[in-house]
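A.B. asks: First the structure, then my questions, so here it is.
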Amino acid sequence: MTKKNTKIEKQKPILSVNGLKVHFFTDEGTVKAVEGASFDVLAGRTLGIVGESGCGKSVATRSLLRLVDSPGKIVDGEIIYRGDANKKEINITSLKTSGSDIKSIRGGEISLIFQEPMTSFSPVHTVGNQIIEAIKLHKKLNKDDAKGLTLDWFKRVGMPDPEQRMNQYPWQLSGGQRQRAMIAMALCCDPKIVIADEPTTALDVTTQAQILDLLKELQEENGMSIIFITHDLGVIAEISDDVSVMYLGNIVESASVDEIFHSPKHPYTTGLLNSIPSITNKNRERLPTISGSIPHPHNRPSGCTFRNRCQNPSDDCREGKIEMKLIEVSPGHFVDQCCINCG
Amino acid sequence: MALYIGKRVLYGFIAIWIISILSFIIIQLPPGDYVSSYIANLAAQGSSLDQAEAENLRIFYGLDKPWHIQYLKWASRIVTGDLGYSFEWEKPVMSVIQGRILTTVLLALFALVFTWLFAIPIGIYSAVHKYSIGDYLATFLGFLGLAIPDFLIALIAMWFGYSIFGWSVGGLFSPEFGTAPWSIAKFLDLMKHLWVPVIILGTAGMAAMIRVVRANLLDELSKPYVVTARAKGISEWKLIMKYPVRMALNPVISMSAYLLPYLISGSVIVSVVLSLPTLGPTLLKSLLSQDSYLAGGIIFLIGIFTILGTLISDLLLLWIDPRIKFEAR
């Protein structure tokens with residue numbers, strides 16, 4: 001446990017992921033989608049996980065609900081959930097994927113908001129039906145009460161004509177309304193953690209802002225933690241309290257949102273920040289890019305996974321001699337040990 | 001909605017009209033007519049018919065007229081429920097096939113239900129346990145059922161039934177009920193005999209149905225809404241039955257529409273082997289003897305079954321899939 005935050009030591013994280021490894025055993029070989037990722041989620045705060053497509057951010061968070069499909073498997077690491085101070089800690093990695101323990105966590109303790117609300121709802125059941133189902137799974141309510149609660153939530157998420165929308169099918173709703181319905185479904189059972197997997201990517205910019213505001217508002221009311229996955233640093237700046245940067249299945253840098261934006265340490269984080277277009281940038285220059293490209297999933301570099309793209313790697317790093325490990329460089333700011341001085 | 005259904009029924013009638021023309025053309029296609037095959041039959045038995053008598057027969061049956069006149073005469077009578085006159089049986093087509101329509105439809109429906117009862121659960125199991133031993137076994141048996149001709153299964157069943165259990169498998173009725181009018185006792189007797197041809201006919205459509213259910217369900221199982229439902233904490237079987245299976249049933253229903261006529265026309269050889277009193281053997285015989293109105297009548301009926309089956313399946317889809325209902329409005 002090298003990565004305890006001194007500032008918040010009085011309060012244990014609600015969720016701790018330590019050295020999580022998720023591998024996909026395909027016919028072509030093993031794809032190491034997540035290779036030793038570690039991060040903490042603090043109660044009532046928003047953790048943004050940022051990284052490019054395929055870096056393993058979705059797989060890592062789906063693992064929290066044990067929703068990784070075969071041939072994917074959690075091969076190592078632990079996911080400690082401390083939802084209730086009076087109850088024992090639960091190690092999610094040790095639960096059976098179809099047992100009653102994980103089922104009560106899914107939706108009840110930790111819930112998911114998906115990227116594409118159109119395909120994430122069943123097209124042949126009404127939106128109301130699908131939300132009522134979620135409520136009845138976790139709350140001992142009869143049908144009418146569950147219906148009433150759904151209606152309440154539809155009002156809370158700002159759904160226009162809530163009564164009417166409940167009896168409509170997802171394809172009769174607009175994109176923003178669908179995402180509101182999705183948020184209502186994720187929050188209706190009062191989960192302690194909500195995983196939002198790129199919830200605004202499929203929406204236009206105006207709706208994006210509305211959905212982000214809605215999430216922040218609901219967080220203030222309910223006090224749940226949010227894990228917000230995105231590749232959009234603008235969205236991260238808007239919504240996150242803490243940020244973890246993911247590269248090739250590892251968290252390479254973790255800090256508060258201010259630290260990440262103002263004093264990034266890892267060369268990958270710096271690269272990402274440099275490639276944001278800015279309106280103050282007068283001279284018409286090309287945006288800087290991170291040199292090289294992501295290694296093929298079957299061809300993961302040993303040691304530091306970023307060494308092939310690093311501008312000034314040390315000799316040991318270049319030879320892949322340095323193991324990846326997060327160390328604390330300043331209170332609450334963790335960086336992969338190999339890259340402390342490269343950025 | 002009523003407009004949509006009305007439109008479908010209207011299309012159905014237009015299709016039935018086209019089918020009546022096509023079936024008439026089909027039965028006129030082979031060279032010769034009923035009289036020439038009658039003469040050939042007589043010749044085979046050693047007697048003969050002279051030219052004048054043959055011409056008289058043609059005039060008697062109306063075969064001397066051009067084909068479109070023959071069609072119009074035939075078609076105008078269909079409207080009144082008269083399918084024409086069977087040369088060979090020397091009585092109206094309707095009275096030849098009347099008793100056989102019910103047994104044919106019953107056999108086809110039971111075979112369809114049998115196929116559903118087994119193919120849908122096996123298909124679901126195969127998809128959920130993809131690449132398991134059970135999946136491979138179901139696939140293997142399914143293909144075996146598809147590859148072995150129905151009539152061979154029928155012959156094997158007859159042989160086993162007779163040599164091991166002493167049953168006389170074949171026919172749909174015990175001798176005492178064969179020509180008796182319909183009664184509850186006769187119906188019960190039919191049920192006693194029906195299951196053998198139902199199983200034999202049912203296995204033929206089963207393999208295809210298993211594959212359809214499996215392939216569709218595999219598609220649906222990887223859809224995002226399944227993950228959403230799973231993330232709610234619903235139990236796996238409830239989830240599969242409520243969401244992906246519901247979605248995968250659409251093609252099963254539309255496939256059943258053409259399984260019905262297939263079971264009727266495809267059962268010809270099985271019916272001959274098992275000597276079942278269905279439309280199949282009658283159709284075969286009428287085609288061989290160029291008994292054109294009988295053959296045309298049966299082909300026309302099979303066409304109507306197809307249209308009916310499609311209409312029923314469309315209405316079923318309308319009922320179970322809100323997306324279609326919405327478009328139909």
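Naming scheme: A, B, ... for chains in displayed order of the structure tokens; residues 1 onward per chain; ligands 1 onward as shown.
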Could I get the residues of chain B with an atom no further than 8 Å from an atom of chain A, each paired with its nearest atom pair and that distance in Å to one decimal, using only C-alpha atoms, sorted by chain and residue number, as CSV?
C.D. replies:
residue,atom,partner,partner_atom,distance
B:Lys223,CA,A:Thr119,CA,7.3
B:Pro224,CA,A:Ser120,CA,4.9
B:Tyr225,CA,A:Ser120,CA,4.0
B:Val226,CA,A:Ser120,CA,7.6
B:Val227,CA,A:Leu67,CA,7.4
B:Thr228,CA,A:Ser120,CA,5.9
B:Arg230,CA,A:Leu67,CA,7.7
B:Ala231,CA,A:Arg106,CA,5.2
B:Lys232,CA,A:Gly107,CA,4.3
B:Gly233,CA,A:Lys103,CA,4.2
B:Ile234,CA,A:Lys103,CA,6.7
B:Ser235,CA,A:Lys103,CA,7.4
B:Glu236,CA,A:Ser98,CA,7.2
B:Tyr243,CA,A:Ser122,CA,6.8
B:Met247,CA,A:Val124,CA,7.7
B:Asp321,CA,A:Val124,CA,6.1
B:Pro322,CA,A:Val124,CA,5.9
B:Arg323,CA,A:Val124,CA,7.1
A.B. asks: Convert the current residue selection to file output with C-alpha atoms, as a CSV table (one decimal), in the first residue's frame.
C.D. replies:
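Ended up saving to again.csv:
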chain,number,residue,atom,x,y,z
B,223,LYS,CA,-25.8,-6.7,-27.8
B,224,PRO,CA,-25.3,-3.9,-25.3
B,225,TYR,CA,-28.8,-4.2,-23.9
B,226,VAL,CA,-27.8,-7.6,-22.5
B,227,VAL,CA,-24.9,-6.1,-20.6
B,228,THR,CA,-27.2,-3.3,-19.4
B,230,ARG,CA,-26.9,-7.9,-16.5
B,231,ALA,CA,-25.5,-4.7,-14.8
B,232,LYS,CA,-28.9,-4.3,-13.1
B,233,GLY,CA,-28.3,-7.6,-11.2
B,234,ILE,CA,-30.9,-9.7,-12.9
B,235,SER,CA,-30.4,-13.5,-12.8
B,236,GLU,CA,-28.9,-14.9,-15.9
B,243,TYR,CA,-34.4,-9.9,-23.5
B,247,MET,CA,-35.6,-10.6,-29.8
B,321,ASP,CA,-42.8,-6.4,-31.8
B,322,PRO,CA,-43.7,-2.8,-30.9
B,323,ARG,CA,-41.4,-1.5,-33.6
A.B. asks: Give me, as a short mmCIF file (atom, residue, chain, number, x, y, z; two decimals) with C-alpha atoms, in the first residue's frame, all polymer residues having an atom no more than 12 Å from Gly56 in chain A, counting only C-alpha atoms and skipping those fewer than 3 positions away in the same chain.
C.D. replies:
data_model
loop_
_atom_site.label_atom_id
_atom_site.label_comp_id
_atom_site.auth_asym_id
_atom_site.auth_seq_id
_atom_site.Cartn_x
_atom_site.Cartn_y
_atom_site.Cartn_z
CA LEU A 20 -5.85 -5.61 -11.40
CA LYS A 21 -4.99 -7.83 -14.33
CA VAL A 22 -7.60 -8.79 -16.92
CA HIS A 23 -6.47 -10.97 -19.80
CA PHE A 24 -8.36 -12.11 -22.88
CA VAL A 31 -4.41 -9.93 -24.90
CA LYS A 32 -3.42 -8.22 -21.67
CA ALA A 33 -6.18 -5.61 -21.64
CA VAL A 34 -5.54 -4.58 -18.05
CA GLU A 35 -2.09 -5.28 -16.66
CA GLY A 36 -1.75 -4.27 -13.04
CA ALA A 37 -4.00 -1.23 -12.81
CA ILE A 49 -10.33 7.73 -15.92
CA VAL A 50 -8.83 9.02 -19.11
CA GLY A 51 -7.10 7.16 -21.88
CA GLU A 52 -7.36 6.47 -25.57
CA SER A 53 -9.54 3.77 -27.13
CA VAL A 59 -12.58 -3.46 -19.28
CA ALA A 60 -11.12 -2.32 -15.95
CA THR A 61 -14.39 -0.73 -14.86
CA ARG A 62 -16.58 -3.56 -16.13
CA SER A 63 -14.44 -5.80 -13.91
CA VAL A 68 -16.10 -9.02 -18.40
CA GLY A 72 -11.75 -12.28 -20.72
CA ASP A 197 -18.66 4.84 -19.35
CA ILE A 229 -14.55 7.21 -18.17
CA THR A 230 -13.71 9.33 -21.17
CA HIS A 231 -11.05 10.21 -23.69
CA VAL A 245 -4.51 8.42 -16.68
CA MET A 246 -4.52 4.99 -18.26
CA TYR A 247 -2.13 3.75 -20.88
CA LEU A 248 -2.01 0.21 -22.26
CA GLY A 249 -3.70 -1.45 -19.30
CA ASN A 250 -1.90 0.48 -16.58
CA ILE A 251 -2.64 3.59 -14.59
CA PRO A 297 -1.99 -5.82 -28.13
#
A.B. asks: Using only C-alpha atoms, determine which residues lie at most 10 Å from Ala43 in chain A, disregarding the query and same-chain residues fewer than 4 positions distant; provide the list as a JSON list (two decimals) with C-alpha atoms, in the first residue's frame.
C.D. replies:
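Written file, around14.json:
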[["chain", "number", "residue", "atom", "x", "y", "z"],
["A", 11, "GLN", "CA", -11.28, 8.19, 5.34],
["A", 12, "LYS", "CA", -10.70, 4.91, 3.57],
["A", 13, "PRO", "CA", -11.54, 4.84, -0.15],
["A", 14, "ILE", "CA", -14.96, 3.34, -0.88],
["A", 15, "LEU", "CA", -13.34, 1.25, -3.61],
["A", 82, "ARG", "CA", -16.19, -0.75, 1.36],
["A", 83, "GLY", "CA", -19.76, 0.31, 0.76],
["A", 192, "LYS", "CA", -22.88, 4.15, -3.75],
["A", 193, "ILE", "CA", -20.80, 4.20, -6.94],
["A", 223, "GLY", "CA", -23.56, 11.82, -2.40],
["A", 224, "MET", "CA", -22.57, 8.90, -4.58],
["A", 225, "SER", "CA", -19.13, 8.45, -6.06],
["A", 226, "ILE", "CA", -18.75, 8.60, -9.82]]
A.B. asks: From the DSSP assignment of the backbone, select every residue of range 97-311 of chain A that is strand (DSSP E or B), and format the answer as a ChimeraX atom specification.
C.D. replies: /A:106,110-113,193-197,225-230,242-247,250-256
A.B. asks: Go ahead and save the residues from that selection, with C-alpha atoms, as a PDB file, in the first residue's frame.
C.D. replies:
ATOM      1  CA  ARG A 106     -24.793  -4.872  -9.615  1.00  0.00           C
ATOM      2  CA  ILE A 110     -22.423  -0.079  -8.093  1.00  0.00           C
ATOM      3  CA  SER A 111     -24.246   0.781 -11.296  1.00  0.00           C
ATOM      4  CA  LEU A 112     -23.314   1.560 -14.864  1.00  0.00           C
ATOM      5  CA  ILE A 113     -24.280   4.286 -17.302  1.00  0.00           C
ATOM      6  CA  ILE A 193     -20.802   4.201  -6.944  1.00  0.00           C
ATOM      7  CA  VAL A 194     -21.896   5.033 -10.474  1.00  0.00           C
ATOM      8  CA  ILE A 195     -19.638   4.095 -13.348  1.00  0.00           C
ATOM      9  CA  ALA A 196     -20.282   6.395 -16.289  1.00  0.00           C
ATOM     10  CA  ASP A 197     -18.662   4.839 -19.351  1.00  0.00           C
ATOM     11  CA  SER A 225     -19.125   8.449  -6.064  1.00  0.00           C
ATOM     12  CA  ILE A 226     -18.749   8.604  -9.820  1.00  0.00           C
ATOM     13  CA  ILE A 227     -16.163   6.870 -11.963  1.00  0.00           C
ATOM     14  CA  PHE A 228     -16.197   8.827 -15.179  1.00  0.00           C
ATOM     15  CA  ILE A 229     -14.554   7.212 -18.171  1.00  0.00           C
ATOM     16  CA  THR A 230     -13.714   9.332 -21.166  1.00  0.00           C
ATOM     17  CA  ASP A 242      -9.456  13.164  -9.211  1.00  0.00           C
ATOM     18  CA  VAL A 243      -7.970  11.859 -12.426  1.00  0.00           C
ATOM     19  CA  SER A 244      -6.257   8.594 -13.333  1.00  0.00           C
ATOM     20  CA  VAL A 245      -4.509   8.423 -16.681  1.00  0.00           C
ATOM     21  CA  MET A 246      -4.518   4.993 -18.256  1.00  0.00           C
ATOM     22  CA  TYR A 247      -2.126   3.750 -20.884  1.00  0.00           C
ATOM     23  CA  ASN A 250      -1.897   0.480 -16.577  1.00  0.00           C
ATOM     24  CA  ILE A 251      -2.643   3.594 -14.592  1.00  0.00           C
ATOM     25  CA  VAL A 252       0.432   5.704 -15.307  1.00  0.00           C
ATOM     26  CA  GLU A 253      -0.516   8.797 -13.342  1.00  0.00           C
ATOM     27  CA  SER A 254      -3.090   9.609 -10.656  1.00  0.00           C
ATOM     28  CA  ALA A 255      -3.731  12.951  -8.988  1.00  0.00           C
ATOM     29  CA  SER A 256      -6.299  15.602  -8.274  1.00  0.00           C
TER      30      SER A 256
END
A.B. asks: Record the distance separating CA of Asp189 in chain B and CA of Pro261 in chain B, expressed in Å with one decimal.
C.D. replies: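 Calculated distance between CA of Asp189 in chain B and CA of Pro261 in chain B is 25.0 Å.
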A.B. asks: From a DSSP pass on the backbone, collect the residues of range 249-323 of chain A flagged as helix (DSSP H, G or I) and hand them back as a list in words.
C.D. replies: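 Across range 249-323 of chain A, those assigned helix (DSSP H, G or I) are Val257, Asp258, Glu259, Ile260, Phe261, His262, Pro267, Tyr268, Thr269, Thr270, Gly271, Leu272, Leu273, Asn274, Asp315, Asp316, Cys317 and Arg318 of chain A.
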A.B. asks: Write a file of the just-selected residues containing C-alpha atoms, as a PDB file, in the first residue's frame.
C.D. replies:
ATOM      1  CA  VAL A 257      -7.652  17.310 -11.356  1.00  0.00           C
ATOM      2  CA  ASP A 258      -5.663  20.504 -10.656  1.00  0.00           C
ATOM      3  CA  GLU A 259      -2.397  18.601 -10.270  1.00  0.00           C
ATOM      4  CA  ILE A 260      -2.965  16.712 -13.518  1.00  0.00           C
ATOM      5  CA  PHE A 261      -3.706  19.835 -15.521  1.00  0.00           C
ATOM      6  CA  HIS A 262      -1.109  22.119 -13.928  1.00  0.00           C
ATOM      7  CA  PRO A 267       5.193  12.092 -20.515  1.00  0.00           C
ATOM      8  CA  TYR A 268       1.935  10.493 -21.707  1.00  0.00           C
ATOM      9  CA  THR A 269      -0.180  12.900 -19.630  1.00  0.00           C
ATOM     10  CA  THR A 270       1.887  15.830 -20.891  1.00  0.00           C
ATOM     11  CA  GLY A 271       1.438  14.594 -24.438  1.00  0.00           C
ATOM     12  CA  LEU A 272      -2.320  14.345 -24.046  1.00  0.00           C
ATOM     13  CA  LEU A 273      -2.537  17.851 -22.566  1.00  0.00           C
ATOM     14  CA  ASN A 274      -0.372  19.318 -25.321  1.00  0.00           C
ATOM     15  CA  ASP A 315      19.109   3.562 -20.355  1.00  0.00           C
ATOM     16  CA  ASP A 316      17.568   1.084 -17.919  1.00  0.00           C
ATOM     17  CA  CYS A 317      14.100   2.035 -19.093  1.00  0.00           C
ATOM     18  CA  ARG A 318      15.054   1.643 -22.763  1.00  0.00           C
TER      19      ARG A 318
END
A.B. asks: What's the separation between CA of Leu42 in chain A and CA of Asp241 in chain A, in Å to one decimal place?
C.D. replies: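 Those two atoms sit 9.7 Å apart.
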